[in-house]
>>> print(open('model-v3.csv').read())   # CSV, C-alpha atoms and all ligand atoms
chain,number,residue,atom,x,y,z
X,1,MET,CA,5.5,-5.9,14.9
X,2,ARG,CA,5.7,-2.4,16.3
X,3,ARG,CA,9.4,-2.3,15.4
X,4,ALA,CA,8.8,-3.6,11.9
X,5,GLY,CA,6.0,-1.2,11.4
X,6,HIS,CA,8.0,1.8,12.7
X,7,LEU,CA,10.8,0.9,10.3
X,8,VAL,CA,8.4,0.8,7.4
X,9,ALA,CA,7.1,4.2,8.3
X,10,GLU,CA,10.6,5.7,8.5
X,11,VAL,CA,11.5,4.3,5.1
X,12,LEU,CA,8.3,5.7,3.5
X,13,ALA,CA,9.0,9.1,5.1
X,14,GLY,CA,12.5,9.0,3.6
X,15,LEU,CA,11.3,8.0,0.2
X,16,ARG,CA,8.7,10.7,0.2
X,17,GLU,CA,11.4,13.3,0.7
X,18,ARG,CA,13.4,11.8,-2.2
X,19,ILE,CA,10.5,11.9,-4.7
X,20,LYS,CA,11.8,14.6,-7.2
X,21,PRO,CA,11.9,15.0,-11.0
X,22,GLY,CA,15.0,13.3,-12.4
X,23,VAL,CA,15.5,10.7,-9.6
X,24,THR,CA,15.5,7.0,-10.8
X,25,THR,CA,13.2,4.5,-9.2
X,26,ALA,CA,16.2,2.2,-8.8
X,27,ALA,CA,17.9,4.9,-6.7
X,28,LEU,CA,14.9,5.1,-4.4
X,29,ASP,CA,14.9,1.3,-4.0
X,30,HIS,CA,18.6,1.3,-3.3
X,31,TRP,CA,18.3,3.9,-0.6
X,32,ALA,CA,15.4,2.0,1.0
X,33,GLU,CA,17.2,-1.3,1.0
X,34,GLN,CA,20.3,0.2,2.6
X,35,TYR,CA,18.2,2.0,5.2
X,36,ILE,CA,16.3,-1.1,6.2
X,37,ARG,CA,19.4,-3.2,6.5
X,38,ARG,CA,21.3,-0.6,8.5
X,39,GLN,CA,18.4,-0.5,11.0
X,40,GLY,CA,18.6,-4.3,11.4
X,41,GLY,CA,15.6,-5.2,9.3
X,42,GLU,CA,15.2,-7.1,6.0
X,43,PRO,CA,13.2,-6.1,3.0
X,44,SER,CA,10.4,-8.7,2.9
X,45,PHE,CA,9.6,-8.1,-0.8
X,46,LYS,CA,13.1,-8.9,-2.1
X,47,GLY,CA,13.0,-12.5,-3.4
X,48,TYR,CA,9.4,-12.9,-2.5
X,49,ARG,CA,8.1,-15.2,-5.3
X,50,GLY,CA,11.1,-13.9,-7.2
X,51,TYR,CA,10.3,-10.2,-6.9
X,52,PRO,CA,13.7,-8.5,-7.7
X,53,ALA,CA,13.6,-5.4,-5.5
X,54,SER,CA,12.9,-4.0,-2.0
X,55,VAL,CA,10.2,-1.5,-2.9
X,56,CYS,CA,7.3,-1.6,-5.3
X,57,ILE,CA,7.2,1.7,-7.3
X,58,SER,CA,4.2,2.1,-9.5
X,59,ILE,CA,3.7,5.2,-11.6
X,60,ASP,CA,0.4,6.8,-12.9
X,61,GLN,CA,-1.7,4.0,-14.5
X,62,GLU,CA,0.4,1.4,-12.6
X,63,ILE,CA,-1.6,0.2,-9.6
X,64,VAL,CA,0.9,-2.0,-7.6
X,65,HIS,CA,4.0,-4.2,-8.0
X,66,GLY,CA,5.9,-1.8,-10.3
X,67,ILE,CA,9.6,-2.8,-10.4
X,68,PRO,CA,12.2,-0.1,-9.8
X,69,GLY,CA,14.7,0.5,-12.6
X,70,ARG,CA,16.4,3.2,-14.7
X,71,ARG,CA,13.2,5.2,-15.2
X,72,ARG,CA,13.4,8.7,-14.0
X,73,LEU,CA,10.5,10.4,-12.3
X,74,ARG,CA,8.9,13.4,-14.1
X,75,GLU,CA,7.0,16.4,-12.9
X,76,GLY,CA,3.2,15.7,-12.7
X,77,GLN,CA,3.5,11.9,-12.2
X,78,VAL,CA,1.7,10.1,-9.4
X,79,VAL,CA,4.0,7.6,-7.7
X,80,SER,CA,3.0,4.7,-5.4
X,81,LEU,CA,5.6,3.4,-3.0
X,82,ASP,CA,5.0,0.1,-1.2
X,83,VAL,CA,7.5,-1.1,1.5
X,84,GLY,CA,7.6,-4.3,3.5
X,85,VAL,CA,10.1,-5.1,6.3
X,86,ILE,CA,10.9,-8.1,8.5
X,87,CYS,CA,12.2,-7.3,11.9
X,88,GLU,CA,12.9,-9.9,14.6
X,89,GLY,CA,10.7,-12.3,12.7
X,90,TYR,CA,7.7,-10.0,12.3
X,91,GLN,CA,6.4,-8.2,9.3
X,92,GLY,CA,5.3,-4.6,8.5
X,93,ASP,CA,3.7,-3.5,5.2
X,94,ALA,CA,2.6,-0.1,4.1
X,95,ALA,CA,2.2,2.1,1.1
X,96,ILE,CA,1.8,5.7,0.1
X,97,THR,CA,1.1,7.6,-3.2
X,98,ALA,CA,2.6,11.0,-3.8
X,99,GLY,CA,2.8,13.5,-6.7
X,100,VAL,CA,6.1,14.4,-8.4
X,101,GLY,CA,6.0,18.2,-8.1
X,102,GLN,CA,2.7,19.7,-9.3
X,103,ILE,CA,0.0,17.3,-10.2
X,104,SER,CA,-3.5,17.8,-11.7
X,105,PRO,CA,-6.5,18.6,-9.5
X,106,GLU,CA,-8.0,15.2,-10.5
X,107,ALA,CA,-4.9,13.4,-9.4
X,108,GLU,CA,-4.9,15.4,-6.1
X,109,ALA,CA,-8.5,14.3,-5.5
X,110,LEU,CA,-7.7,10.6,-6.2
X,111,LEU,CA,-4.8,10.7,-3.7
X,112,ARG,CA,-6.8,12.4,-1.1
X,113,VAL,CA,-9.8,10.1,-1.4
X,114,THR,CA,-7.6,7.0,-1.4
X,115,GLU,CA,-6.0,8.1,1.8
X,116,GLN,CA,-9.5,8.9,3.2
X,117,SER,CA,-10.8,5.5,2.3
X,118,LEU,CA,-7.9,3.9,4.2
X,119,ALA,CA,-8.7,6.1,7.2
X,120,ALA,CA,-12.4,5.1,7.0
X,121,GLY,CA,-11.4,1.4,6.9
X,122,ILE,CA,-9.1,1.8,9.8
X,123,ALA,CA,-11.8,3.5,11.8
X,124,MET,CA,-13.7,0.2,11.6
X,125,VAL,CA,-10.9,-1.9,13.1
X,126,ARG,CA,-12.5,-2.4,16.5
X,127,ALA,CA,-13.1,-5.6,18.5
X,128,GLY,CA,-16.5,-7.0,17.8
X,129,ARG,CA,-16.8,-5.4,14.4
X,130,ARG,CA,-16.7,-7.6,11.3
X,131,LEU,CA,-14.1,-7.5,8.5
X,132,GLY,CA,-16.9,-6.6,6.0
X,133,ASP,CA,-17.3,-3.3,7.9
X,134,VAL,CA,-13.8,-2.4,7.0
X,135,SER,CA,-14.3,-3.3,3.3
X,136,HIS,CA,-17.6,-1.5,3.1
X,137,ALA,CA,-16.3,1.7,4.6
X,138,ILE,CA,-13.4,1.8,2.1
X,139,GLN,CA,-15.8,1.1,-0.9
X,140,THR,CA,-18.4,3.7,0.1
X,141,THR,CA,-15.7,6.4,0.7
X,142,ALA,CA,-14.2,5.8,-2.7
X,143,GLU,CA,-17.5,5.5,-4.7
X,144,ARG,CA,-19.1,8.5,-3.0
X,145,ALA,CA,-16.2,10.6,-4.5
X,146,GLY,CA,-16.7,9.0,-8.0
X,147,PHE,CA,-13.7,6.7,-7.9
X,148,ASN,CA,-13.6,2.9,-8.2
X,149,VAL,CA,-11.9,0.2,-6.1
X,150,ILE,CA,-9.8,-2.6,-7.6
X,151,ARG,CA,-11.3,-6.0,-7.2
X,152,GLU,CA,-8.5,-8.3,-8.2
X,153,TYR,CA,-6.0,-7.3,-5.5
X,154,VAL,CA,-6.9,-7.1,-1.8
X,155,GLY,CA,-5.5,-6.5,1.7
X,156,HIS,CA,-4.5,-9.3,4.0
X,157,GLY,CA,-3.7,-10.5,7.5
X,158,ILE,CA,-0.1,-10.1,8.4
X,159,GLY,CA,2.2,-11.3,11.3
X,160,THR,CA,5.2,-13.6,11.0
X,161,ALA,CA,4.3,-14.0,7.3
X,162,MET,CA,3.5,-11.1,4.9
X,163,HIS,CA,0.3,-12.6,3.7
X,164,GLU,CA,-1.9,-14.3,6.2
X,165,ASP,CA,-5.6,-15.0,6.4
X,166,PRO,CA,-8.0,-13.3,6.1
X,167,GLN,CA,-8.1,-11.6,2.7
X,168,ILE,CA,-9.4,-8.0,3.1
X,169,PRO,CA,-11.3,-6.9,0.0
X,170,ASN,CA,-11.7,-3.1,-0.5
X,171,PHE,CA,-15.4,-3.7,-1.4
X,172,GLY,CA,-18.4,-5.7,-0.1
X,173,PRO,CA,-21.3,-5.6,2.3
X,174,ALA,CA,-21.0,-4.5,5.9
X,175,GLY,CA,-21.8,-6.9,8.8
X,176,ARG,CA,-20.3,-9.9,7.1
X,177,GLY,CA,-17.1,-11.9,7.5
X,178,PRO,CA,-14.9,-12.7,10.4
X,179,VAL,CA,-15.4,-10.9,13.7
X,180,LEU,CA,-12.4,-8.7,14.7
X,181,ARG,CA,-10.6,-9.8,17.9
X,182,PRO,CA,-7.9,-8.0,19.9
X,183,GLY,CA,-4.4,-9.1,18.7
X,184,MET,CA,-5.4,-9.5,15.1
X,185,THR,CA,-3.1,-7.6,12.7
X,186,LEU,CA,-4.3,-6.5,9.3
X,187,ALA,CA,-2.7,-4.9,6.3
X,188,ILE,CA,-5.4,-2.7,4.8
X,189,GLU,CA,-4.6,-1.4,1.4
X,190,PRO,CA,-7.2,0.4,-0.8
X,191,MET,CA,-6.3,0.7,-4.5
X,192,LEU,CA,-8.5,3.3,-6.2
X,193,VAL,CA,-8.8,4.2,-9.8
X,194,ALA,CA,-10.2,7.2,-11.7
X,195,GLY,CA,-11.7,4.9,-14.3
X,196,ASP,CA,-12.7,1.2,-14.6
X,197,TYR,CA,-11.5,-1.2,-12.0
X,198,HIS,CA,-10.3,-4.0,-14.4
X,199,THR,CA,-6.5,-4.7,-14.4
X,200,ARG,CA,-3.8,-6.2,-16.5
X,201,VAL,CA,-0.3,-7.4,-15.7
X,202,LEU,CA,2.6,-6.2,-17.9
X,203,ASP,CA,5.0,-8.6,-19.6
X,204,ASP,CA,7.5,-8.2,-16.8
X,205,GLY,CA,5.1,-10.5,-14.9
X,206,TRP,CA,4.7,-8.1,-12.0
X,207,THR,CA,3.5,-4.6,-12.8
X,208,VAL,CA,-0.3,-4.3,-12.4
X,209,VAL,CA,-1.9,-1.6,-14.5
X,210,THR,CA,-5.4,-0.4,-15.1
X,211,ALA,CA,-6.9,-2.0,-18.2
X,212,ASP,CA,-8.2,1.4,-19.5
X,213,GLY,CA,-5.0,3.3,-18.7
X,214,SER,CA,-6.7,5.5,-16.0
X,215,LEU,CA,-4.8,6.8,-13.0
X,216,ALA,CA,-4.4,4.7,-9.8
X,217,ALA,CA,-3.5,5.3,-6.2
X,218,HIS,CA,-2.6,3.0,-3.3
X,219,PHE,CA,-2.3,3.6,0.4
X,220,GLU,CA,-1.7,0.9,3.0
X,221,HIS,CA,-1.2,0.5,6.7
X,222,THR,CA,-0.5,-2.4,9.0
X,223,VAL,CA,-3.1,-2.1,11.9
X,224,ALA,CA,-3.7,-4.0,15.1
X,225,VAL,CA,-7.1,-4.7,16.7
X,226,THR,CA,-7.0,-3.7,20.4
X,227,ASP,CA,-9.5,-3.5,23.2
X,228,GLY,CA,-9.9,0.1,22.3
X,229,ASP,CA,-8.8,2.3,19.3
X,230,PRO,CA,-7.1,0.7,16.3
X,231,GLU,CA,-3.3,0.8,16.6
X,232,VAL,CA,-1.7,1.8,13.3
X,233,LEU,CA,1.7,0.1,13.4
X,234,THR,CA,3.2,1.8,10.3
X,235,ARG,CA,2.7,5.4,11.4
X,236,LEU,CA,5.7,7.4,12.7
S,301,LIG,N1,2.7,-4.9,-0.3
S,301,LIG,C1,2.3,-6.0,-1.2
S,301,LIG,C2,1.1,-6.7,-0.7
S,301,LIG,O1,0.6,-6.4,0.3
S,301,LIG,C3,3.4,-6.9,-1.5
S,301,LIG,C4,4.2,-6.6,-2.6
S,301,LIG,S1,4.4,-8.0,-3.6
S,301,LIG,C5,6.1,-8.4,-3.6
S,301,LIG,O2,0.7,-7.7,-1.2
S,301,LIG,F1,6.2,-9.5,-4.2
S,301,LIG,F2,6.7,-7.4,-4.0
S,301,LIG,F3,6.5,-8.6,-2.4
S,302,CO,CO,0.1,-5.5,1.7
>>> encode(input="model-v3.csv", output="structure tokens")
Amino acid sequence: MRRAGHLVAEVLAGLRERIKPGVTTAALDHWAEQYIRRQGGEPSFKGYRGYPASVCISIDQEIVHGIPGRRRLREGQVVSLDVGVICEGYQGDAAITAGVGQISPEAEALLRVTEQSLAAGIAMVRAGRRLGDVSHAIQTTAERAGFNVIREYVGHGIGTAMHEDPQIPNFGPAGRGPVLRPGMTLAIEPMLVAGDYHTRVLDDGWTVVTADGSLAAHFEHTVAVTDGDPEVLTRL
């Protein structure tokens, strides 16, 4: 899983450098797929329940599962990139959101707080704590800053399959849920919105958008529970 996670981190770093006005989302996806395969991995999203690409690319009011295509990025947009890799039978899954060129102060704040809420969740990944502590830390970090967390999509256990038990909501009470044990591996993925948390799926059957059209951001890491500090597997 360390290898898969490291490859995911490299892909996201490469994609981040390639986010520029004028680039098509298909070109980003193509680069990522080539890179993953050259490094001996496989893009886990490709073909997953019929998903047609290697990366999910979601722009502005799109929250997750945006499909790459001929669209070109434009200055001021907010772009979420979600990457999953299988390496030697193990999975890694992570996401970042970044601005295209200059973005509004509100968008900057949403990105910053979403990343902070992921960090707050990860800080709770310690043996003996409960999963609800992770969820609660994410929710309080988001709501304290005036943002909302998506309810209809959640994080997940991860290992030899991309989606394993338990589900990891980005909201809920502390002190509840399964106790965290060393060796558990979790994909923690807060999705925050500037407006209301209700969602809708576009006619392509994949792209999840905010029902009210408000801006969304998504950050994700694959994290292991250890005897000590949390080990983030999808960080370079
Ligand atoms: N990273 C997403 C998740 O954690 C998976 C993308 S859905 C796929 O659920 F179909 F594109 F794979
Ligand atoms: Co995930």
>>> residues_near_ligand(input="model-v3.csv", ligand="ligand LIG 301 (chain S)", cutoff="10 Å", atoms="all atoms listed in the file", output="number ranges by chain")
X: 43-57, 64-67, 81-85, 92-95, 153-158, 162-163, 187-189, 206-207, 218-222
>>> closest_residue(input="model-v3.csv", among="X:Thr226, X:Ser135, X:Thr185, X:Ser214", to="ligand CO 302 (chain S)", atoms="all atoms listed in the file")
X:Thr185
>>> closest_residue(input="model-v3.csv", among="X:Leu110, X:Val208, X:Val23, X:Ala123", to="Gly195 in chain X", atoms="only C-alpha atoms")
X:Leu110
>>> residues_around(input="model-v3.csv", residues="range 176-183 of chain X", least_positions_apart="6", cutoff="8 Å", atoms="all atoms listed in the file", output="PyMOL selection string")
chain X and resi 125-133+224-227
>>> closest_residue(input="model-v3.csv", among="X:Gln102, X:Thr97, X:Thr160, X:Asn170", to="Ser117 in chain X", atoms="all atoms listed in the file")
X:Asn170
>>> closest_residue(input="model-v3.csv", among="X:Ile138, X:Leu192, X:Val232, X:Ile168", to="ligand CO 302 (chain S)", atoms="only C-alpha atoms and all ligand atoms")
X:Ile168
>>> residues_around(input="model-v3.csv", residues="Ile59 in chain X", least_positions_apart="6", cutoff="7 Å", atoms="only C-alpha atoms", output="tab-separated table (two decimals) with C-alpha atoms, in the coordinates of the input")
chain	number	residue	atom	x	y	z
X	77	GLN	CA	3.50	11.90	-12.20
X	78	VAL	CA	1.70	10.10	-9.40
X	79	VAL	CA	4.00	7.60	-7.70
X	80	SER	CA	3.00	4.70	-5.40
>>> atom_distance(input="model-v3.csv", atom1="CA of Arg70 in chain X", atom2="CA of Ala26 in chain X")
6.0 Å
>>> atom_distance(input="model-v3.csv", atom1="CA of Asp212 in chain X", atom2="CA of Gly172 in chain X")
23.0 Å
